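The data block below is protein-v2.cif; it holds mmCIF, C-alpha atoms.
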data_data
loop_
_atom_site.group_PDB
_atom_site.id
_atom_site.type_symbol
_atom_site.label_atom_id
_atom_site.label_comp_id
_atom_site.auth_asym_id
_atom_site.auth_seq_id
_atom_site.Cartn_x
_atom_site.Cartn_y
_atom_site.Cartn_z
ATOM 1 C CA MET I 3 0.000 0.000 0.000
ATOM 2 C CA ASN I 4 0.973 3.620 -0.594
ATOM 3 C CA ILE I 5 1.326 5.902 2.465
ATOM 4 C CA PHE I 6 -1.260 8.187 0.819
ATOM 5 C CA ASP I 7 -3.867 5.396 0.818
ATOM 6 C CA GLY I 8 -6.149 6.398 3.689
ATOM 7 C CA ASN I 9 -7.691 3.831 6.006
ATOM 8 C CA MET I 10 -11.414 4.431 5.591
ATOM 9 C CA ARG I 11 -12.335 1.837 8.225
ATOM 10 C CA PHE I 12 -10.190 3.397 10.939
ATOM 11 C CA PRO I 13 -10.030 7.184 10.384
ATOM 12 C CA LYS I 14 -7.874 7.671 13.495
ATOM 13 C CA GLU I 15 -5.081 5.921 11.599
ATOM 14 C CA ASN I 16 -5.046 8.781 9.080
ATOM 15 C CA ALA I 17 -3.407 12.200 9.171
ATOM 16 C CA TYR I 18 -5.534 14.418 6.942
ATOM 17 C CA LEU I 19 -3.175 16.794 5.140
ATOM 18 C CA ASN I 20 -5.983 18.895 3.683
ATOM 19 C CA TRP I 21 -8.147 19.180 6.808
ATOM 20 C CA TRP I 22 -7.000 22.637 7.904
ATOM 21 C CA PHE I 23 -6.158 24.031 4.474
ATOM 22 C CA ASP I 24 -8.799 23.125 1.881
ATOM 23 C CA ASP I 25 -11.348 25.901 2.540
ATOM 24 C CA ARG I 26 -9.421 28.426 0.453
ATOM 25 C CA ASN I 27 -9.808 32.174 0.974
ATOM 26 C CA PRO I 28 -10.130 34.222 -2.263
ATOM 27 C CA ASP I 29 -7.523 36.611 -0.814
ATOM 28 C CA LYS I 30 -4.348 34.609 -1.447
ATOM 29 C CA GLU I 31 -2.280 36.558 1.089
ATOM 30 C CA ILE I 32 -4.813 35.969 3.868
ATOM 31 C CA GLN I 33 -4.965 32.292 2.957
ATOM 32 C CA VAL I 34 -1.183 31.964 3.105
ATOM 33 C CA ALA I 35 -1.137 33.822 6.440
ATOM 34 C CA TRP I 36 -3.677 31.312 7.795
ATOM 35 C CA ASP I 37 -1.716 28.343 6.378
ATOM 36 C CA PHE I 38 1.522 29.574 7.950
ATOM 37 C CA PHE I 39 -0.235 30.272 11.262
ATOM 38 C CA ILE I 40 -1.615 26.729 11.514
ATOM 39 C CA MET I 41 1.547 25.034 10.276
ATOM 40 C CA GLY I 42 3.838 27.177 12.449
ATOM 41 C CA LYS I 43 1.947 26.206 15.585
ATOM 42 C CA ALA I 44 2.161 22.548 14.539
ATOM 43 C CA TYR I 45 5.952 22.747 14.304
ATOM 44 C CA TYR I 46 6.023 24.379 17.737
ATOM 45 C CA ALA I 47 3.802 21.672 19.238
ATOM 46 C CA ASN I 48 5.939 18.886 17.792
ATOM 47 C CA ALA I 49 9.179 20.429 19.046
ATOM 48 C CA LEU I 50 7.757 21.209 22.488
ATOM 49 C CA THR I 51 6.361 17.691 22.909
ATOM 50 C CA SER I 52 9.704 16.107 22.049
ATOM 51 C CA LEU I 53 11.632 18.459 24.319
ATOM 52 C CA SER I 54 9.218 17.859 27.195
ATOM 53 C CA LEU I 55 9.527 14.082 26.853
ATOM 54 C CA ILE I 56 13.323 14.344 27.011
ATOM 55 C CA LEU I 57 13.149 16.471 30.151
ATOM 56 C CA ASP I 58 10.604 14.130 31.720
ATOM 57 C CA ALA I 59 12.915 11.169 31.026
ATOM 58 C CA LYS I 60 15.859 13.145 32.478
ATOM 59 C CA ASN I 61 17.632 12.926 29.128
ATOM 60 C CA LYS I 62 17.998 9.150 29.389
ATOM 61 C CA ALA I 63 20.984 7.772 27.439
ATOM 62 C CA ASP I 64 21.876 11.368 26.482
ATOM 63 C CA ILE I 65 19.245 11.180 23.769
ATOM 64 C CA ALA I 66 19.066 14.984 23.565
ATOM 65 C CA ASP I 67 22.474 15.009 21.862
ATOM 66 C CA LYS I 68 20.755 13.820 18.681
ATOM 67 C CA LEU I 69 17.114 14.802 19.086
ATOM 68 C CA ILE I 70 17.997 18.438 19.780
ATOM 69 C CA PHE I 71 18.553 18.984 16.049
ATOM 70 C CA PRO I 72 14.987 18.232 14.851
ATOM 71 C CA ILE I 73 13.678 20.022 17.970
ATOM 72 C CA LEU I 74 15.643 23.151 17.071
ATOM 73 C CA PHE I 75 14.445 22.863 13.483
ATOM 74 C CA GLY I 76 10.853 22.673 14.706
ATOM 75 C CA PHE I 77 11.361 25.796 16.798
ATOM 76 C CA TRP I 78 13.151 27.707 14.027
ATOM 77 C CA HIS I 79 10.728 26.768 11.267
ATOM 78 C CA GLY I 80 7.698 27.371 13.473
ATOM 79 C CA THR I 81 9.058 30.811 14.320
ATOM 80 C CA GLU I 82 9.749 31.551 10.653
ATOM 81 C CA LEU I 83 6.202 30.608 9.634
ATOM 82 C CA LEU I 84 4.556 32.616 12.422
ATOM 83 C CA LEU I 85 6.702 35.676 11.701
ATOM 84 C CA LYS I 86 5.894 35.506 7.986
ATOM 85 C CA SER I 87 2.196 35.139 8.777
ATOM 86 C CA SER I 88 2.384 38.108 11.154
ATOM 87 C CA ILE I 89 4.163 40.262 8.566
ATOM 88 C CA ILE I 90 1.470 39.560 5.970
ATOM 89 C CA LEU I 91 -1.252 40.477 8.454
ATOM 90 C CA ALA I 92 0.568 43.525 9.856
ATOM 91 C CA GLU I 93 1.134 44.803 6.326
ATOM 92 C CA LYS I 94 -2.604 44.499 5.676
ATOM 93 C CA GLU I 95 -3.112 46.716 8.710
ATOM 94 C CA THR I 96 -0.366 49.287 8.098
ATOM 95 C CA SER I 97 -0.042 49.353 4.277
ATOM 96 C CA THR I 98 3.618 50.395 4.449
ATOM 97 C CA GLY I 99 4.356 49.124 0.963
ATOM 98 C CA ASN I 100 7.729 47.905 2.217
ATOM 99 C CA THR I 101 8.982 44.720 0.577
ATOM 100 C CA TYR I 102 10.866 41.847 2.167
ATOM 101 C CA SER I 103 12.197 38.493 1.054
ATOM 102 C CA LYS I 104 9.331 36.013 1.226
ATOM 103 C CA THR I 105 11.789 33.139 0.879
ATOM 104 C CA THR I 106 14.239 34.164 3.608
ATOM 105 C CA HIS I 107 14.857 31.837 6.539
ATOM 106 C CA ASN I 108 16.531 34.540 8.661
ATOM 107 C CA ILE I 109 14.179 34.837 11.632
ATOM 108 C CA ASP I 110 16.101 37.785 13.086
ATOM 109 C CA ASN I 111 15.512 39.787 9.897
ATOM 110 C CA LEU I 112 11.883 38.682 9.813
ATOM 111 C CA PHE I 113 11.372 39.920 13.373
ATOM 112 C CA SER I 114 12.843 43.284 12.362
ATOM 113 C CA GLU I 115 10.477 43.445 9.377
ATOM 114 C CA LEU I 116 7.530 42.706 11.637
ATOM 115 C CA MET I 117 8.540 45.294 14.230
ATOM 116 C CA SER I 118 8.915 47.987 11.544
ATOM 117 C CA ARG I 119 5.154 47.611 11.036
ATOM 118 C CA LEU I 120 4.072 46.977 14.624
ATOM 119 C CA ARG I 121 5.798 50.124 15.871
ATOM 120 C CA LEU I 122 3.285 52.078 13.795
ATOM 121 C CA ARG I 123 0.596 50.662 16.090
ATOM 122 C CA GLY I 124 2.308 51.307 19.416
ATOM 123 C CA PHE I 125 4.283 48.073 19.888
ATOM 124 C CA LYS I 126 7.885 47.821 21.077
ATOM 125 C CA GLU I 127 10.436 44.998 20.854
ATOM 126 C CA SER I 128 10.316 44.794 24.650
ATOM 127 C CA ASP I 129 6.728 43.547 24.331
ATOM 128 C CA PHE I 130 8.216 40.222 23.198
ATOM 129 C CA PRO I 131 11.080 39.579 25.654
ATOM 130 C CA SER I 132 11.319 35.800 25.241
ATOM 131 C CA LEU I 133 11.451 35.925 21.462
ATOM 132 C CA LYS I 134 13.939 38.772 21.555
ATOM 133 C CA SER I 135 16.105 36.857 24.047
ATOM 134 C CA ILE I 136 16.270 33.610 22.089
ATOM 135 C CA LEU I 137 16.963 35.466 18.840
ATOM 136 C CA ALA I 138 19.884 37.134 20.618
ATOM 137 C CA ASP I 139 21.128 33.685 21.695
ATOM 138 C CA PHE I 140 21.161 32.488 18.092
ATOM 139 C CA LYS I 141 22.801 35.713 16.960
ATOM 140 C CA SER I 142 25.569 35.313 19.556
ATOM 141 C CA LYS I 143 26.738 32.240 17.618
ATOM 142 C CA ASN I 144 26.107 33.852 14.229
ATOM 143 C CA VAL I 145 24.135 30.761 13.282
ATOM 144 C CA LEU I 146 22.910 29.900 9.804
ATOM 145 C CA PHE I 147 19.324 28.691 9.411
ATOM 146 C CA SER I 148 20.744 25.342 8.296
ATOM 147 C CA PHE I 149 22.781 24.678 11.440
ATOM 148 C CA MET I 150 20.263 22.201 12.825
ATOM 149 C CA ARG I 151 19.749 20.519 9.448
ATOM 150 C CA TYR I 152 23.298 19.955 8.237
ATOM 151 C CA THR I 153 26.756 19.856 9.825
ATOM 152 C CA VAL I 154 28.055 21.919 6.877
ATOM 153 C CA ASP I 155 26.779 24.955 5.017
ATOM 154 C CA LYS I 156 26.067 25.198 1.271
ATOM 155 C CA ASP I 157 29.808 25.600 0.612
ATOM 156 C CA TRP I 158 30.594 22.629 2.851
ATOM 157 C CA ASN I 159 32.102 24.798 5.559
ATOM 158 C CA GLU I 160 31.561 23.221 8.967
ATOM 159 C CA GLN I 161 28.914 24.631 11.268
ATOM 160 C CA PHE I 162 29.949 26.477 14.430
ATOM 161 C CA TYR I 163 29.473 23.474 16.739
ATOM 162 C CA VAL I 164 31.700 21.069 14.805
ATOM 163 C CA ILE I 165 34.825 20.709 16.931
ATOM 164 C CA LYS I 166 37.945 21.982 15.183
ATOM 165 C CA ASN I 167 40.269 22.883 18.071
ATOM 166 C CA GLU I 168 42.686 20.776 20.104
ATOM 167 C CA GLU I 169 40.923 21.612 23.370
ATOM 168 C CA ARG I 170 37.774 19.914 22.031
ATOM 169 C CA GLU I 171 35.483 22.283 23.878
ATOM 170 C CA ASN I 172 31.865 21.215 23.816
ATOM 171 C CA THR I 173 29.067 23.328 22.374
ATOM 172 C CA CYS I 174 25.871 22.750 24.323
ATOM 173 C CA ILE I 175 22.212 23.686 24.364
ATOM 174 C CA ASN I 176 20.990 23.977 27.944
ATOM 175 C CA ILE I 177 17.689 22.199 27.401
ATOM 176 C CA LYS I 178 16.081 23.551 30.578
ATOM 177 C CA ILE I 179 16.856 27.144 29.637
ATOM 178 C CA PHE I 180 15.743 26.440 26.071
ATOM 179 C CA PHE I 181 12.480 24.999 27.380
ATOM 180 C CA LYS I 182 11.886 28.065 29.572
ATOM 181 C CA LYS I 183 12.526 30.489 26.718
ATOM 182 C CA PHE I 184 10.494 28.338 24.300
ATOM 183 C CA ALA I 185 7.579 28.429 26.740
ATOM 184 C CA GLY I 186 7.914 32.213 26.885
ATOM 185 C CA VAL I 187 7.824 32.474 23.092
ATOM 186 C CA LEU I 188 4.659 30.346 23.102
ATOM 187 C CA ASP I 189 3.013 33.036 25.210
ATOM 188 C CA GLU I 190 4.072 35.740 22.748
ATOM 189 C CA LEU I 191 4.322 34.895 19.062
ATOM 190 C CA PRO I 192 1.370 32.549 18.335
ATOM 191 C CA LEU I 193 -0.978 34.862 20.247
ATOM 192 C CA LEU I 194 0.333 37.925 18.400
ATOM 193 C CA THR I 195 -0.231 36.228 15.034
ATOM 194 C CA GLU I 196 -3.696 35.164 16.137
ATOM 195 C CA PHE I 197 -4.491 38.727 17.214
ATOM 196 C CA LEU I 198 -3.292 40.193 13.906
ATOM 197 C CA GLY I 199 -5.419 37.656 12.052
ATOM 198 C CA VAL I 200 -8.614 38.219 13.999
ATOM 199 C CA PRO I 201 -10.223 40.541 11.407
ATOM 200 C CA TYR I 202 -9.670 37.804 8.819
ATOM 201 C CA PHE I 203 -9.793 34.566 10.854
ATOM 202 C CA GLY I 204 -12.407 35.689 13.408
ATOM 203 C CA ASP I 205 -14.590 38.673 14.323
ATOM 204 C CA ALA I 206 -13.269 40.232 17.527
ATOM 205 C CA PHE I 207 -11.675 43.309 15.927
ATOM 206 C CA LEU I 208 -11.914 45.124 12.627
ATOM 207 C CA PRO I 209 -9.050 46.383 10.453
ATOM 208 C CA GLY I 210 -7.763 49.589 11.999
ATOM 209 C CA GLU I 211 -8.216 48.278 15.538
ATOM 210 C CA LEU I 212 -5.072 46.150 15.707
ATOM 211 C CA ASN I 213 -3.164 48.404 18.068
ATOM 212 C CA LYS I 214 -1.210 47.778 21.267
ATOM 213 C CA GLU I 215 -4.143 48.743 23.496
ATOM 214 C CA ASN I 216 -6.432 46.133 21.956
ATOM 215 C CA TYR I 217 -3.621 43.588 21.915
ATOM 216 C CA ASP I 218 -3.218 43.982 25.684
ATOM 217 C CA LYS I 219 -6.963 43.374 26.095
ATOM 218 C CA TYR I 220 -6.709 40.297 23.867
ATOM 219 C CA VAL I 221 -3.796 38.914 25.922
ATOM 220 C CA ALA I 222 -5.672 39.534 29.185
ATOM 221 C CA GLU I 223 -8.735 37.664 27.914
ATOM 222 C CA ASN I 224 -6.565 34.809 26.678
ATOM 223 C CA ASN I 225 -4.889 34.543 30.091
ATOM 224 C CA ARG I 226 -8.298 34.474 31.769
ATOM 225 C CA LEU I 227 -9.437 31.641 29.520
ATOM 226 C CA ASN I 228 -6.199 29.731 30.090
ATOM 227 C CA GLU I 229 -6.740 29.878 33.833
ATOM 228 C CA LYS I 230 -10.246 28.569 33.303
ATOM 229 C CA TYR I 231 -8.987 25.697 31.131
ATOM 230 C CA LYS I 232 -6.262 24.949 33.666
ATOM 231 C CA ALA I 233 -8.775 24.654 36.487
ATOM 232 C CA LEU I 234 -11.158 22.494 34.458
ATOM 233 C CA ASP I 235 -8.886 20.296 32.409
ATOM 234 C CA GLU I 236 -5.277 20.042 33.475
ATOM 235 C CA LYS I 237 -5.859 18.404 36.847
ATOM 236 C CA PRO I 238 -7.705 15.406 35.328
ATOM 237 C CA PHE I 239 -5.002 15.149 32.655
ATOM 238 C CA ALA I 240 -2.251 15.040 35.253
ATOM 239 C CA GLU I 241 -4.072 12.456 37.331
ATOM 240 C CA ASN I 242 -5.373 10.146 34.617
ATOM 241 C CA LEU I 243 -3.059 10.356 31.609
ATOM 242 C CA ASP I 244 0.524 9.307 30.959
ATOM 243 C CA ILE I 245 3.033 12.018 30.056
ATOM 244 C CA THR I 246 2.666 11.553 26.272
ATOM 245 C CA ASN I 247 -1.112 11.923 26.304
ATOM 246 C CA TYR I 248 -0.873 14.794 28.772
ATOM 247 C CA LEU I 249 1.459 16.683 26.429
ATOM 248 C CA LEU I 250 -0.715 16.015 23.392
ATOM 249 C CA ASN I 251 -3.790 17.240 25.256
ATOM 250 C CA TRP I 252 -1.968 20.334 26.480
ATOM 251 C CA ALA I 253 -0.782 21.153 22.936
ATOM 252 C CA GLN I 254 -4.288 20.659 21.545
ATOM 253 C CA ILE I 255 -5.930 22.934 24.131
ATOM 254 C CA HIS I 256 -3.357 25.700 24.424
ATOM 255 C CA LEU I 257 -1.583 25.765 21.059
ATOM 256 C CA LEU I 258 -3.248 23.894 18.229
#
Go ahead and express the file in the form of structure tokens.
Amino acid sequence: MNIFDGNMRFPKENAYLNWWFDDRNPDKEIQVAWDFFIMGKAYYANALTSLSLILDAKNKADIADKLIFPILFGFWHGTELLLKSSIILAEKETSTGNTYSKTTHNIDNLFSELMSRLRLRGFKESDFPSLKSILADFKSKNVLFSFMRYTVDKDWNEQFYVIKNEERENTCINIKIFFKKFAGVLDELPLLTEFLGVPYFGDAFLPGELNKENYDKYVAENNRLNEKYKALDEKPFAENLDITNYLLNWAQIHLL
């Protein structure tokens, strides 16, 4: 059988690629913003689930040494997709006419592009401290977007973590600090993209109302709902489900 042959008898054995993407919006840019929003959160959820399982297992057999690479890719690509979605939506709001590379993978540059639009609506970089912090961490190593995908760049030069000196100093990712900063980004970027998309994905605000004041109200309401979900749902999850199912349920409620 082909992997694209769905199991009609047992639908839970299928992953439906079209499920979230086949109701196409006539505005291509809005559709792409929606696609990137959904897919970006999926990459985040996958990376966070894997990282959480490693931490829960206390990094048994040093498994993080290998799994950190797809986890970092999930974080990077999720961030790239959410930033690109946010730029599309912020440009709809601000109409700056400024162009940017739609194919770039440089998330630091994408964040700068986004902020150039958000500042027009009262936002500051300090409104996103976790994202700003982790971008600075990547920048401190002058990383290429491919560093978690290949050990060499396009010219076959070795990536920064490949040991080349006699001292053989290790290059590490502190997975607890990464988890903490990742969790902080989850509270910032997906919600911002969701807020910017509300006039097109929902009906809470209209174009022209996507300013910092309304964003703060949106965040406050989201926090209130999260506390409600936490009180109603997370205690039964913790008591009745194993760690894998707990994580999947958490991702479904709070992220996906």
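From CA of Leu191 in chain I back to CA of Glu95 in chain I, the distance works out to 17.4 Å.
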With the PyMOL selection byres ((chain I and resi 104-120) around 10) as the selection, what would be picked from this file? Answer as a PyMOL selection string, please. chain I and resi 78-79+81-98+100-103+121-127+133-134+136-138+140-141+145-148+212-214
For the structure shown, which residues end up in the PyMOL selection byres ((chain I and resi 41) around 10)? Put them as a PyMOL selection string, please? chain I and resi 22-23+35-40+42-47+79-80+83-84+258
Produce a file of the selected residues containing C-alpha atoms, as a short mmCIF file (atom, residue, chain, number, x, y, z; two decimals), keeping the file's coordinate frame.
data_model
loop_
_atom_site.label_atom_id
_atom_site.label_comp_id
_atom_site.auth_asym_id
_atom_site.auth_seq_id
_atom_site.Cartn_x
_atom_site.Cartn_y
_atom_site.Cartn_z
CA TRP I 22 -7.00 22.64 7.90
CA PHE I 23 -6.16 24.03 4.47
CA ALA I 35 -1.14 33.82 6.44
CA TRP I 36 -3.68 31.31 7.80
CA ASP I 37 -1.72 28.34 6.38
CA PHE I 38 1.52 29.57 7.95
CA PHE I 39 -0.24 30.27 11.26
CA ILE I 40 -1.62 26.73 11.51
CA GLY I 42 3.84 27.18 12.45
CA LYS I 43 1.95 26.21 15.58
CA ALA I 44 2.16 22.55 14.54
CA TYR I 45 5.95 22.75 14.30
CA TYR I 46 6.02 24.38 17.74
CA ALA I 47 3.80 21.67 19.24
CA HIS I 79 10.73 26.77 11.27
CA GLY I 80 7.70 27.37 13.47
CA LEU I 83 6.20 30.61 9.63
CA LEU I 84 4.56 32.62 12.42
CA LEU I 258 -3.25 23.89 18.23
#
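Nearest-residue note for Glu196 in chain I: choosing from I:Leu250, I:Pro28, I:Leu257, I:Asp64, the minimum distance belongs to I:Leu257, counting all atoms listed in the file.
One finds CA of Tyr217 in chain I at 9.3 Å from CA of Leu193 in chain I.
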Original post:
Expanded to explicit residues, what is the PyMOL selection byres ((chain I and resi 178) around 12) for this file, as a ChimeraX atom specification?
Top reply: /I:50,53-54,56-58,60-61,66,174-177,179-185
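Here CA of Val164 in chain I is placed at a distance of 28.9 Å from CA of Gly186 in chain I.
Remark: for Asn48 in chain I, the closest of the candidate residues I:Trp158, I:Phe203, I:Phe77, I:Trp21 is I:Phe77 (distances computed over only C-alpha atoms).
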